[in-house]
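Undergrad: model.cif is reproduced in full below (mmCIF, C-alpha atoms).
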data_my_file
#
loop_
_atom_site.group_PDB
_atom_site.id
_atom_site.type_symbol
_atom_site.label_atom_id
_atom_site.label_comp_id
_atom_site.auth_asym_id
_atom_site.auth_seq_id
_atom_site.Cartn_x
_atom_site.Cartn_y
_atom_site.Cartn_z
ATOM 1 C CA MET R 1 111.007 81.103 67.628
ATOM 2 C CA LYS R 2 113.938 78.763 67.035
ATOM 3 C CA LYS R 3 113.185 75.103 67.558
ATOM 4 C CA SER R 4 115.611 73.540 70.027
ATOM 5 C CA THR R 5 117.151 70.263 69.033
ATOM 6 C CA ARG R 6 118.935 67.744 71.171
ATOM 7 C CA ASN R 7 122.316 68.619 69.691
ATOM 8 C CA SER R 8 121.889 72.358 70.110
ATOM 9 C CA ARG R 9 121.422 72.017 73.871
ATOM 10 C CA ARG R 10 124.738 70.263 74.372
ATOM 11 C CA PRO R 11 127.857 72.335 74.824
ATOM 12 C CA TYR R 12 130.525 71.903 72.182
ATOM 13 C CA ARG R 13 133.097 69.437 73.472
ATOM 14 C CA GLY R 14 135.314 69.139 70.458
ATOM 15 C CA ARG R 15 135.912 66.061 68.390
ATOM 16 C CA SER R 16 137.342 63.112 70.269
ATOM 17 C CA ALA R 17 140.463 61.693 68.703
ATOM 18 C CA SER R 18 140.581 58.068 67.652
ATOM 19 C CA PRO R 19 142.924 55.709 69.520
ATOM 20 C CA VAL R 20 146.527 55.528 68.349
ATOM 21 C CA ARG R 21 147.774 52.167 67.056
ATOM 22 C CA SER R 22 151.561 52.622 67.086
ATOM 23 C CA TYR R 23 154.401 54.411 68.869
ATOM 24 C CA ALA R 24 154.823 56.713 65.860
ATOM 25 C CA GLU R 25 151.194 57.870 66.169
ATOM 26 C CA TYR R 26 151.615 58.290 69.951
ATOM 27 C CA ALA R 27 154.754 60.433 69.490
ATOM 28 C CA LYS R 28 153.034 62.494 66.782
ATOM 29 C CA ARG R 29 150.079 63.244 69.093
ATOM 30 C CA LEU R 30 152.432 64.265 71.920
ATOM 31 C CA ALA R 31 154.396 66.520 69.557
ATOM 32 C CA ALA R 32 151.119 68.132 68.436
ATOM 33 C CA GLY R 33 150.346 69.033 72.060
ATOM 34 C CA ALA R 34 147.643 66.464 72.820
ATOM 35 C CA LYS R 35 146.432 66.537 76.424
ATOM 36 C CA SER R 36 144.825 63.078 76.204
ATOM 37 C CA VAL R 37 145.905 59.985 74.248
ATOM 38 C CA VAL R 38 144.177 56.600 74.069
ATOM 39 C CA ILE R 39 146.344 53.711 72.861
ATOM 40 C CA ASP R 40 144.800 50.565 71.360
ATOM 41 C CA ALA R 41 147.638 48.788 69.577
ATOM 42 C CA ASP R 42 148.119 45.319 68.146
ATOM 43 C CA PRO R 43 149.078 42.866 70.933
ATOM 44 C CA GLU R 44 151.993 41.653 68.789
ATOM 45 C CA SER R 45 153.642 45.102 69.023
ATOM 46 C CA TRP R 46 155.542 46.351 72.089
ATOM 47 C CA LEU R 47 155.186 50.079 72.752
ATOM 48 C CA ASP R 48 157.914 51.615 74.904
ATOM 49 C CA LEU R 49 156.201 54.808 76.069
ATOM 50 C CA GLY R 50 159.191 55.995 78.110
ATOM 51 C CA HIS R 51 158.401 58.753 80.605
ATOM 52 C CA VAL R 52 154.859 60.015 80.066
ATOM 53 C CA PRO R 53 154.684 63.832 80.434
ATOM 54 C CA SER R 54 152.730 64.926 83.536
ATOM 55 C CA GLN R 55 150.357 67.190 81.597
ATOM 56 C CA VAL R 56 149.176 64.337 79.329
ATOM 57 C CA GLU R 57 146.504 61.745 80.223
ATOM 58 C CA VAL R 58 147.358 58.386 78.643
ATOM 59 C CA LYS R 59 145.036 55.384 78.651
ATOM 60 C CA VAL R 60 146.137 51.979 77.363
ATOM 61 C CA ILE R 61 143.204 49.781 76.287
ATOM 62 C CA GLY R 62 142.375 46.595 74.412
ATOM 63 C CA GLN R 63 145.202 44.074 74.199
ATOM 64 C CA THR R 64 147.985 46.637 73.920
ATOM 65 C CA CYS R 65 151.418 45.666 75.320
ATOM 66 C CA ALA R 66 153.381 48.658 76.626
ATOM 67 C CA GLY R 67 156.139 49.779 78.952
ATOM 68 C CA ILE R 68 156.219 52.991 80.980
ATOM 69 C CA ALA R 69 159.345 54.332 82.671
ATOM 70 C CA GLY R 70 157.877 57.254 84.584
ATOM 71 C CA GLY R 71 154.805 59.421 84.619
ATOM 72 C CA SER R 72 151.343 57.930 84.928
ATOM 73 C CA ILE R 73 148.791 56.072 82.812
ATOM 74 C CA ALA R 74 145.486 54.248 83.104
ATOM 75 C CA ALA R 75 145.278 50.659 81.845
ATOM 76 C CA ALA R 76 142.032 48.890 80.941
ATOM 77 C CA GLY R 77 140.762 45.999 78.904
ATOM 78 C CA ARG R 78 143.111 43.025 78.648
ATOM 79 C CA CYS R 79 146.265 45.050 78.088
ATOM 80 C CA PHE R 80 149.722 44.291 79.514
ATOM 81 C CA VAL R 81 151.796 47.118 81.022
ATOM 82 C CA GLN R 82 155.278 46.972 82.526
ATOM 83 C CA ALA R 83 155.815 49.910 84.911
ATOM 84 C CA SER R 84 159.229 50.961 86.235
ATOM 85 C CA ASN R 85 161.205 53.937 87.578
ATOM 86 C CA HIS R 86 158.550 55.587 89.765
ATOM 87 C CA ALA R 87 155.801 55.117 87.155
ATOM 88 C CA ARG R 88 152.185 55.165 88.339
ATOM 89 C CA VAL R 89 149.492 52.923 86.814
ATOM 90 C CA THR R 90 145.774 52.766 87.562
ATOM 91 C CA ALA R 91 144.579 49.334 86.395
ATOM 92 C CA TYR R 92 140.939 48.531 85.593
ATOM 93 C CA GLU R 93 138.961 45.613 84.210
ATOM 94 C CA HIS R 94 141.295 42.703 83.331
ATOM 95 C CA ALA R 95 144.552 44.656 82.853
ATOM 96 C CA HIS R 96 147.814 42.812 83.584
ATOM 97 C CA ILE R 97 150.509 44.964 85.202
ATOM 98 C CA GLU R 98 154.118 44.126 86.074
ATOM 99 C CA ALA R 99 155.319 46.667 88.661
ATOM 100 C CA LEU R 100 159.090 47.160 89.128
ATOM 101 C CA ASP R 101 161.575 49.673 90.568
ATOM 102 C CA ASP R 102 159.549 51.835 92.964
ATOM 103 C CA SER R 103 156.492 51.985 90.690
ATOM 104 C CA THR R 104 152.983 52.360 92.116
ATOM 105 C CA VAL R 105 149.837 50.510 90.987
ATOM 106 C CA ASP R 106 146.219 51.136 91.981
ATOM 107 C CA ALA R 107 144.488 47.895 90.968
ATOM 108 C CA ARG R 108 140.722 47.713 90.495
ATOM 109 C CA GLY R 109 138.267 45.361 88.864
ATOM 110 C CA LYS R 110 139.736 41.968 88.015
ATOM 111 C CA SER R 111 143.188 43.255 87.162
ATOM 112 C CA HIS R 112 146.237 41.013 87.718
ATOM 113 C CA ILE R 113 149.363 42.566 89.214
ATOM 114 C CA VAL R 114 152.877 41.185 89.723
ATOM 115 C CA GLY R 115 154.951 43.441 91.960
ATOM 116 C CA THR R 116 158.666 43.321 92.750
ATOM 117 C CA ASP R 117 161.659 45.542 93.597
ATOM 118 C CA ASN R 118 160.066 48.027 96.024
ATOM 119 C CA ALA R 119 156.865 48.483 94.007
ATOM 120 C CA ARG R 120 153.742 49.605 95.873
ATOM 121 C CA ILE R 121 150.337 48.124 95.108
ATOM 122 C CA ARG R 122 146.914 49.112 96.392
ATOM 123 C CA ALA R 123 144.348 46.526 95.344
ATOM 124 C CA GLU R 124 140.575 46.580 95.681
ATOM 125 C CA ASP R 125 137.462 45.026 94.125
ATOM 126 C CA SER R 126 138.474 41.569 92.832
ATOM 127 C CA ALA R 127 142.087 42.304 91.852
ATOM 128 C CA ILE R 128 144.677 39.513 92.062
ATOM 129 C CA VAL R 129 148.203 40.372 93.213
ATOM 130 C CA PHE R 130 151.441 38.363 93.423
ATOM 131 C CA ALA R 131 153.962 40.355 95.450
ATOM 132 C CA HIS R 132 157.600 39.568 96.198
ATOM 133 C CA SER R 133 161.002 41.128 96.913
ATOM 134 C CA HIS R 134 160.745 44.167 99.236
ATOM 135 C CA ARG R 135 157.313 45.366 98.219
ATOM 136 C CA HIS R 136 154.324 46.835 99.976
ATOM 137 C CA ALA R 137 150.765 45.781 99.141
ATOM 138 C CA GLU R 138 147.447 46.992 100.494
ATOM 139 C CA ALA R 139 144.526 44.568 100.096
ATOM 140 C CA ASN R 140 140.936 45.873 100.147
ATOM 141 C CA GLY R 141 137.572 44.514 99.030
ATOM 142 C CA GLN R 142 137.554 40.979 97.592
ATOM 143 C CA THR R 143 141.221 41.165 96.613
ATOM 144 C CA LEU R 144 143.344 38.014 96.540
ATOM 145 C CA ILE R 145 147.023 38.543 97.354
ATOM 146 C CA ALA R 146 149.850 36.007 97.329
ATOM 147 C CA ALA R 147 153.041 37.390 98.877
ATOM 148 C CA THR R 148 156.593 36.103 99.413
ATOM 149 C CA ASP R 149 160.078 37.256 100.441
ATOM 150 C CA THR R 150 160.159 40.403 102.602
ATOM 151 C CA THR R 151 156.838 41.819 101.434
ATOM 152 C CA THR R 152 154.556 43.767 103.784
ATOM 153 C CA VAL R 153 150.807 43.343 103.272
ATOM 154 C CA ARG R 154 148.183 45.584 104.866
ATOM 155 C CA ILE R 155 144.856 43.750 104.995
ATOM 156 C CA ASP R 156 141.519 45.527 105.093
ATOM 157 C CA GLY R 157 137.963 44.556 104.211
ATOM 158 C CA GLU R 158 137.316 41.021 103.020
ATOM 159 C CA ALA R 159 140.656 40.544 101.262
ATOM 160 C CA HIS R 160 142.115 37.048 101.223
ATOM 161 C CA VAL R 161 145.874 36.787 101.642
ATOM 162 C CA ARG R 162 148.191 33.812 101.129
ATOM 163 C CA VAL R 163 151.734 34.368 102.310
ATOM 164 C CA SER R 164 155.071 32.660 102.778
ATOM 165 C CA PRO R 165 156.438 32.698 106.364
ATOM 166 C CA SER R 166 158.729 35.721 105.751
ATOM 167 C CA VAL R 167 155.855 38.114 104.903
ATOM 168 C CA HIS R 168 154.793 40.767 107.425
ATOM 169 C CA THR R 169 151.016 41.403 107.627
ATOM 170 C CA THR R 170 149.336 44.410 109.225
ATOM 171 C CA GLY R 171 145.932 46.066 109.350
ATOM 172 C CA PRO R 172 142.470 45.351 110.661
ATOM 173 C CA GLY R 173 141.969 42.192 108.507
ATOM 174 C CA GLN R 174 140.787 39.082 110.322
ATOM 175 C CA PRO R 175 143.458 36.448 111.081
ATOM 176 C CA ALA R 176 141.245 33.837 109.377
ATOM 177 C CA SER R 177 141.848 35.582 106.034
ATOM 178 C CA ILE R 178 145.590 34.831 106.155
ATOM 179 C CA GLU R 179 146.947 31.459 105.014
ATOM 180 C CA THR R 180 150.612 30.459 105.043
ATOM 181 C CA HIS R 181 151.882 28.490 102.027
ATOM 182 C CA PRO R 182 155.239 27.834 100.325
ATOM 183 C CA ILE R 183 156.003 30.066 97.327
ATOM 184 C CA SER R 184 155.447 27.317 94.711
ATOM 185 C CA ARG R 185 151.856 26.797 95.901
ATOM 186 C CA LEU R 186 151.238 30.555 95.894
ATOM 187 C CA ALA R 187 152.231 30.924 92.246
ATOM 188 C CA ARG R 188 150.244 27.838 91.180
ATOM 189 C CA HIS R 189 147.191 29.120 93.028
ATOM 190 C CA LEU R 190 147.207 32.395 91.101
ATOM 191 C CA ASN R 191 147.983 30.659 87.763
ATOM 192 C CA PHE R 192 151.109 32.746 87.161
#
Turn this file's structure into structure tokens for me.
TA:
Amino acid sequence: MKKSTRNSRRPYRGRSASPVRSYAEYAKRLAAGAKSVVIDADPESWLDLGHVPSQVEVKVIGQTCAGIAGGSIAAAGRCFVQASNHARVTAYEHAHIEALDDSTVDARGKSHIVGTDNARIRAEDSAIVFAHSHRHAEANGQTLIAATDTTTVRIDGEAHVRVSPSVHTTGPGQPASIETHPISRLARHLNF
């Protein structure tokens, strides 16, 4: 009778690839047909990922600084991502995201998001959001949102919202969770 070992009971999952550290490595993995790429690059390097193909899962981690101009990625750690042109980012942990040009961000954990130019942000957990210039934000959980210009904020849960007078607020959030402040105080409050 063959003795069963711990490893023999597990199905073969293939070898996981190590994180890429540069744009050249990222492009090489895409060209080789990778379905999943993890990027952990030096924070001194800027990676312009362009439009991420829809069939590829990309996760940016560590202190990587990257730009995405379409497609979707996940961002975690203390990375910085600039999203534009209908890009979609799911932010976790302490990720910092700058959302522009009709991009969409799902912010979780303690991520920090700056949204402008028609970007859409859905924030939950303890995310911090600064929204301005024709954007839409949805605040859930313990989220803190500061909003200016013609932003619309939907408040739900225990979110705390600080707004300038031109901001439109909606949703079932309690009126006590909304404070009106000038834009300079909003930015100082969030340490941006």
Undergrad: Report, in Å to a single decimal, how far apart CA of Gly62 (chain R) and CA of Ala41 (chain R) are.
TA: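 Interatomic distance, CA of Ala41 (chain R) to CA of Gly62 (chain R): 7.5 Å.
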Undergrad: Counting all atoms listed in the file, note down every residue that has an atom within 8 Å of the point (163.2, 53.1, 86.3) (file coordinates), as a list in words.
TA: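 Looking at atoms near the point gives Ala69, Gly70, Ser84, Asn85, His86, Ala87, Leu100, Asp101 and Asp102 of chain R.
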Undergrad: For this file, the PyMOL selection byres ((chain R and resi 116) around 8) selects which residues, as a PDB file with C-alpha atoms, keeping the file's coordinate frame?
TA:
ATOM      1  CA  ALA R  99     155.319  46.667  88.661  1.00  0.00           C
ATOM      2  CA  LEU R 100     159.090  47.160  89.128  1.00  0.00           C
ATOM      3  CA  ASP R 101     161.575  49.673  90.568  1.00  0.00           C
ATOM      4  CA  VAL R 114     152.877  41.185  89.723  1.00  0.00           C
ATOM      5  CA  GLY R 115     154.951  43.441  91.960  1.00  0.00           C
ATOM      6  CA  ASP R 117     161.659  45.542  93.597  1.00  0.00           C
ATOM      7  CA  ASN R 118     160.066  48.027  96.024  1.00  0.00           C
ATOM      8  CA  ALA R 119     156.865  48.483  94.007  1.00  0.00           C
ATOM      9  CA  ALA R 131     153.962  40.355  95.450  1.00  0.00           C
ATOM     10  CA  HIS R 132     157.600  39.568  96.198  1.00  0.00           C
ATOM     11  CA  SER R 133     161.002  41.128  96.913  1.00  0.00           C
ATOM     12  CA  HIS R 134     160.745  44.167  99.236  1.00  0.00           C
ATOM     13  CA  ARG R 135     157.313  45.366  98.219  1.00  0.00           C
TER      14      ARG R 135
END
Undergrad: Rank R:Ala91, R:Val161, R:Ala31, R:Ile113 by their smallest atom-to-atom distance to Asn140 (chain R), using all atoms listed in the file, and report the top residue only.
TA: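 Closest candidate: R:Val161.
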Undergrad: Taking 2 positions as the minimum chain separation for residues in the same chain, which residues sit within 9 Å of Ser111 (chain R) when counting all atoms listed in the file? Answer as a ChimeraX atom specification.
TA: /R:76,78,91-97,107-109,113,123,126-129
Undergrad: What does the structure give for the distance between CA of Leu47 (chain R) and CA of Cys65 (chain R), in Å to one decimal?
TA: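 Rounded to one decimal, the two atoms are 6.3 Å apart.
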Undergrad: If I take CA of Val52 (chain R) and CA of Ile39 (chain R), how far is one from the other in Å, to one decimal?
TA: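 Taking CA of Val52 (chain R) and CA of Ile39 (chain R), their separation equals 12.8 Å.
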Undergrad: So what does the PyMOL selection byres ((chain R and resi 26-29) around 12) actually pick up in this one, as an NGL selection string?
TA: :R and (17-25 or 30-41 or 47-53 or 56-60 or 66)
Undergrad: Written as an MDAnalysis selection string, which residues does the PyMOL selection byres ((chain R and resi 167) around 12) give for the file shown?
TA: chainID R and resid 131:137 145:154 161:166 168:170 178:183
Undergrad: I need the residue nearest Trp46 (chain R) from this list: R:Thr64, R:Ser72, R:Thr90, R:Thr104. Use only C-alpha atoms for the distance.
TA: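 Smallest separation from Trp46 (chain R) among the options: R:Thr64.
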